[in-house]
Every structure is written in C-alpha cells, then in structure tokens.
$ cat run_33.pdb   # PDB, C-alpha atoms
MODEL        1
ATOM      1  CA  MET A   1       0.000   0.000   0.000  1.00  0.00           C
ATOM      2  CA  SER A   2       1.357   3.388  -0.963  1.00  0.00           C
ATOM      3  CA  TYR A   3       1.130   6.447   1.254  1.00  0.00           C
ATOM      4  CA  GLU A   4       0.914  10.067   0.162  1.00  0.00           C
ATOM      5  CA  VAL A   5       3.644  12.319   1.568  1.00  0.00           C
ATOM      6  CA  MET A   6       2.884  15.997   2.175  1.00  0.00           C
ATOM      7  CA  ALA A   7       5.083  18.695   3.710  1.00  0.00           C
ATOM      8  CA  VAL A   8       3.562  21.375   5.945  1.00  0.00           C
ATOM      9  CA  GLU A   9       4.773  24.973   5.560  1.00  0.00           C
ATOM     10  CA  TYR A  10       6.841  24.742   8.760  1.00  0.00           C
ATOM     11  CA  PHE A  11       8.799  21.876   7.177  1.00  0.00           C
ATOM     12  CA  LYS A  12       9.157  23.671   3.841  1.00  0.00           C
ATOM     13  CA  ARG A  13      10.645  26.748   5.527  1.00  0.00           C
ATOM     14  CA  ARG A  14      13.262  24.677   7.343  1.00  0.00           C
ATOM     15  CA  LEU A  15      14.106  22.677   4.232  1.00  0.00           C
ATOM     16  CA  LYS A  16      14.597  25.914   2.299  1.00  0.00           C
ATOM     17  CA  LYS A  17      17.097  27.154   4.915  1.00  0.00           C
ATOM     18  CA  LEU A  18      18.985  23.861   4.843  1.00  0.00           C
ATOM     19  CA  ARG A  19      19.205  23.950   1.018  1.00  0.00           C
ATOM     20  CA  LYS A  20      21.415  27.042   1.276  1.00  0.00           C
ATOM     21  CA  LYS A  21      24.094  25.123   3.156  1.00  0.00           C
ATOM     22  CA  TYR A  22      23.565  21.562   1.939  1.00  0.00           C
ATOM     23  CA  ARG A  23      23.359  21.728  -1.856  1.00  0.00           C
ATOM     24  CA  ARG A  24      22.659  18.020  -2.361  1.00  0.00           C
ATOM     25  CA  ILE A  25      19.840  17.784   0.185  1.00  0.00           C
ATOM     26  CA  GLU A  26      17.242  17.438  -2.592  1.00  0.00           C
ATOM     27  CA  GLU A  27      18.540  13.981  -3.618  1.00  0.00           C
ATOM     28  CA  ASP A  28      18.536  12.820  -0.012  1.00  0.00           C
ATOM     29  CA  TYR A  29      15.037  14.229   0.485  1.00  0.00           C
ATOM     30  CA  ASN A  30      13.704  12.407  -2.592  1.00  0.00           C
ATOM     31  CA  ALA A  31      15.143   9.117  -1.319  1.00  0.00           C
ATOM     32  CA  LEU A  32      13.406   9.664   2.020  1.00  0.00           C
ATOM     33  CA  ILE A  33      10.081  10.383   0.298  1.00  0.00           C
ATOM     34  CA  GLU A  34      10.323   7.054  -1.509  1.00  0.00           C
ATOM     35  CA  ILE A  35      10.940   5.230   1.780  1.00  0.00           C
ATOM     36  CA  LEU A  36       8.005   6.931   3.510  1.00  0.00           C
ATOM     37  CA  GLU A  37       5.633   6.286   0.608  1.00  0.00           C
ATOM     38  CA  ASN A  38       6.276   2.564   0.898  1.00  0.00           C
ATOM     39  CA  ASN A  39       6.755   2.098   4.645  1.00  0.00           C
ATOM     40  CA  PRO A  40       6.035   5.100   6.893  1.00  0.00           C
ATOM     41  CA  MET A  41       6.444   3.034  10.059  1.00  0.00           C
ATOM     42  CA  THR A  42      10.205   2.849   9.365  1.00  0.00           C
ATOM     43  CA  GLY A  43      10.881   5.708  11.772  1.00  0.00           C
ATOM     44  CA  ASP A  44      10.867   5.637  15.562  1.00  0.00           C
ATOM     45  CA  ALA A  45       7.684   6.662  17.366  1.00  0.00           C
ATOM     46  CA  ILE A  46       8.118   9.713  19.607  1.00  0.00           C
ATOM     47  CA  PRO A  47       6.661   9.039  23.074  1.00  0.00           C
ATOM     48  CA  GLY A  48       3.706  11.107  24.189  1.00  0.00           C
ATOM     49  CA  PHE A  49       1.950  11.349  20.828  1.00  0.00           C
ATOM     50  CA  GLY A  50       0.131   8.011  20.713  1.00  0.00           C
ATOM     51  CA  ASN A  51       2.235   6.415  17.949  1.00  0.00           C
ATOM     52  CA  LYS A  52       1.241   9.153  15.492  1.00  0.00           C
ATOM     53  CA  ILE A  53       4.480  11.184  15.458  1.00  0.00           C
ATOM     54  CA  TYR A  54       7.695   9.602  14.200  1.00  0.00           C
ATOM     55  CA  LYS A  55      11.338  10.556  13.800  1.00  0.00           C
ATOM     56  CA  ILE A  56      13.443   9.168  10.975  1.00  0.00           C
ATOM     57  CA  ARG A  57      17.049   9.628   9.956  1.00  0.00           C
ATOM     58  CA  MET A  58      17.815  11.075   6.544  1.00  0.00           C
ATOM     59  CA  ARG A  59      21.312  10.750   5.155  1.00  0.00           C
ATOM     60  CA  SER A  60      23.266  13.757   3.947  1.00  0.00           C
ATOM     61  CA  SER A  61      25.312  13.498   0.766  1.00  0.00           C
ATOM     62  CA  ASN A  62      27.046  16.729   1.765  1.00  0.00           C
ATOM     63  CA  MET A  63      28.163  15.700   5.261  1.00  0.00           C
ATOM     64  CA  LYS A  64      29.571  12.272   4.309  1.00  0.00           C
ATOM     65  CA  ARG A  65      28.611  10.852   7.707  1.00  0.00           C
ATOM     66  CA  GLY A  66      25.758   8.564   6.701  1.00  0.00           C
ATOM     67  CA  LYS A  67      22.411   8.650   8.421  1.00  0.00           C
ATOM     68  CA  SER A  68      23.751   9.092  11.959  1.00  0.00           C
ATOM     69  CA  GLY A  69      25.258  12.487  11.164  1.00  0.00           C
ATOM     70  CA  GLY A  70      22.699  13.596   8.607  1.00  0.00           C
ATOM     71  CA  PHE A  71      19.252  15.022   9.177  1.00  0.00           C
ATOM     72  CA  ARG A  72      16.274  14.147  11.322  1.00  0.00           C
ATOM     73  CA  VAL A  73      12.750  14.411   9.954  1.00  0.00           C
ATOM     74  CA  ILE A  74       9.713  14.499  12.217  1.00  0.00           C
ATOM     75  CA  TYR A  75       6.442  13.400  10.656  1.00  0.00           C
ATOM     76  CA  TYR A  76       2.814  12.714  11.505  1.00  0.00           C
ATOM     77  CA  LEU A  77       1.083   9.609  10.186  1.00  0.00           C
ATOM     78  CA  SER A  78      -2.667   9.745   9.553  1.00  0.00           C
ATOM     79  CA  ASN A  79      -5.011   7.806   7.242  1.00  0.00           C
ATOM     80  CA  HIS A  80      -2.483   6.863   4.548  1.00  0.00           C
ATOM     81  CA  ILE A  81      -0.963  10.352   4.547  1.00  0.00           C
ATOM     82  CA  VAL A  82       2.476  11.193   5.925  1.00  0.00           C
ATOM     83  CA  TYR A  83       2.717  14.847   6.965  1.00  0.00           C
ATOM     84  CA  LEU A  84       6.334  16.038   7.148  1.00  0.00           C
ATOM     85  CA  LEU A  85       6.457  18.399  10.127  1.00  0.00           C
ATOM     86  CA  THR A  86      10.047  19.507  10.539  1.00  0.00           C
ATOM     87  CA  ILE A  87      13.637  18.730   9.602  1.00  0.00           C
ATOM     88  CA  TYR A  88      16.923  19.561  11.274  1.00  0.00           C
ATOM     89  CA  ALA A  89      20.617  18.794  10.860  1.00  0.00           C
ATOM     90  CA  LYS A  90      21.855  16.371  13.511  1.00  0.00           C
ATOM     91  CA  ALA A  91      25.261  18.061  13.460  1.00  0.00           C
ATOM     92  CA  LYS A  92      23.670  21.354  14.567  1.00  0.00           C
ATOM     93  CA  ARG A  93      21.043  20.087  16.969  1.00  0.00           C
ATOM     94  CA  GLU A  94      20.977  16.965  19.106  1.00  0.00           C
ATOM     95  CA  GLU A  95      17.226  16.702  19.777  1.00  0.00           C
ATOM     96  CA  ILE A  96      14.020  18.533  18.939  1.00  0.00           C
ATOM     97  CA  SER A  97      11.753  19.883  21.637  1.00  0.00           C
ATOM     98  CA  ILE A  98       8.137  18.914  22.153  1.00  0.00           C
ATOM     99  CA  LYS A  99       7.347  22.626  21.764  1.00  0.00           C
ATOM    100  CA  ASP A 100       8.824  22.623  18.237  1.00  0.00           C
ATOM    101  CA  ILE A 101       6.837  19.524  17.311  1.00  0.00           C
ATOM    102  CA  LYS A 102       3.615  21.068  18.611  1.00  0.00           C
ATOM    103  CA  GLU A 103       4.338  24.265  16.677  1.00  0.00           C
ATOM    104  CA  ALA A 104       4.661  22.270  13.462  1.00  0.00           C
ATOM    105  CA  LEU A 105       1.537  20.281  14.326  1.00  0.00           C
ATOM    106  CA  SER A 106      -0.431  23.487  14.776  1.00  0.00           C
ATOM    107  CA  GLU A 107      -0.303  23.956  11.006  1.00  0.00           C
ATOM    108  CA  LEU A 108      -2.306  20.753  10.676  1.00  0.00           C
ATOM    109  CA  ASP A 109      -4.779  21.937  13.326  1.00  0.00           C
ATOM    110  CA  MET A 110      -4.792  18.450  14.843  1.00  0.00           C
ATOM    111  CA  GLY A 111      -4.734  19.551  18.457  1.00  0.00           C
ATOM    112  CA  LEU A 112      -2.446  16.782  19.709  1.00  0.00           C
TER     113      LEU A 112
ENDMDL
END
$ encode --input "run_33.pdb" --output "structure tokens"
Amino acid sequence: MSYEVMAVEYFKRRLKKLRKKYRRIEEDYNALIEILENNPMTGDAIPGFGNKIYKIRMRSSNMKRGKSGGFRVIYYLSNHIVYLLTIYAKAKREEISIKDIKEALSELDMGL
C-alpha cells in the first residue's frame, strides 16, 4: 500500500534554509520520500503522541557521515498520509523539543 507524503509549511521553511548550506539535500530528500511512501512506520515513534508522530534519519550526501550524522525528519502519520512536520541537521542540533513539534503540528490543526 502506498502512502501520500505531504510537507507542511513549517517543514518547507526549514528545508529551504537547509538547502542554502547543503546543496545536495534534494537527492537525499527524494530518497526519504520514496521510503516513507512505501513504509512510513520505518521511523521511531516519539513518546507522548500516541504512535502518530515519528522521527526518521535522513542521510546527507554533503556531510559524508551517513544517516547518523545527517538530518532528522519528524512526521505525523494519519489515514495513509504522511505529513512532514520539521527537519533539522543532527550536526547542529541533538534533539528537537516537544514545543517545536507542537508548533509544526499546529499547522495541521490536529490539536495533539
């Protein structure tokens, strides 16, 4: 079963900022989209959101560190749609706060 992948504006703004520094991020992003379309449960569920919010690693062709040093993508899974909420570089930020996740979720008006 194939899932539809959609990016919220919050995600798009962050991706746009990352494109300035990481020129090859688009290829890595497209590879991630393919993974999520086929198996969105690949990521790790984030506690406190009822197995609806996941975090997945995305490799970086620019950083040459594989997935562990690449990017993290937070997404919401609902009714065969994967909503990309936010993205950040692991090298710049260790973890994402619940506040940041809720801010991204507010664009979906889900009230989680």
$ closest_residue --input "run_33.pdb" --among "A:Leu84, A:Ile25, A:Ile101, A:Leu108" --to "Ala7 (chain A)" --atoms "only C-alpha atoms"
A:Leu84
$ resolve_selection --input "run_33.pdb" --expression "the PyMOL selection byres ((chain A and resi 58) around 7)" --output "ChimeraX atom specification"
/A:28,32,56-57,59-60,67,70-73
$ residues_around --input "run_33.pdb" --residues "Tyr22 (chain A)" --least-positions-apart "5" --cutoff "10 Å" --atoms "all atoms listed in the file" --output "PDB file with C-alpha atoms, keeping the file's coordinate frame"
ATOM      1  CA  LEU A  15      14.106  22.677   4.232  1.00  0.00           C
ATOM      2  CA  LYS A  16      14.597  25.914   2.299  1.00  0.00           C
ATOM      3  CA  LYS A  17      17.097  27.154   4.915  1.00  0.00           C
ATOM      4  CA  SER A  60      23.266  13.757   3.947  1.00  0.00           C
ATOM      5  CA  SER A  61      25.312  13.498   0.766  1.00  0.00           C
ATOM      6  CA  ASN A  62      27.046  16.729   1.765  1.00  0.00           C
ATOM      7  CA  MET A  63      28.163  15.700   5.261  1.00  0.00           C
ATOM      8  CA  ALA A  89      20.617  18.794  10.860  1.00  0.00           C
TER       9      ALA A  89
END
$ atom_distance --input "run_33.pdb" --atom1 "CA of Ala104 (chain A)" --atom2 "CA of Phe11 (chain A)"
7.5 Å
$ residues_around --input "run_33.pdb" --residues "Asp100 (chain A)" --least-positions-apart "5" --cutoff "10 Å" --atoms "all atoms listed in the file" --output "MDAnalysis selection string"
chainID A and resid 10 85:86 105:106
$ atom_distance --input "run_33.pdb" --atom1 "CA of Ile35 (chain A)" --atom2 "CA of Lys21 (chain A)"
23.9 Å
$ atom_distance --input "run_33.pdb" --atom1 "CA of Asp44 (chain A)" --atom2 "CA of Glu95 (chain A)"
13.4 Å
$ resolve_selection --input "run_33.pdb" --expression "the PyMOL selection byres ((chain A and resi 46) around 12)" --output "list in words"
Met41, Gly43, Asp44, Ala45, Pro47, Gly48, Phe49, Gly50, Asn51, Lys52, Ile53, Tyr54, Lys55, Ile56, Val73, Ile74, Tyr75, Tyr76, Leu77, Glu95, Ile96, Ser97, Ile98 and Ile101 of chain A
$ axis_aligned_box --input "run_33.pdb" --around "region 101-105 of chain A" --padding-each-side "5 Å" --output "lines of an AutoDock Vina configuration file"
center_x = 4.2
center_y = 21.9
center_z = 16.0
size_x = 15.3
size_y = 14.7
size_z = 15.1
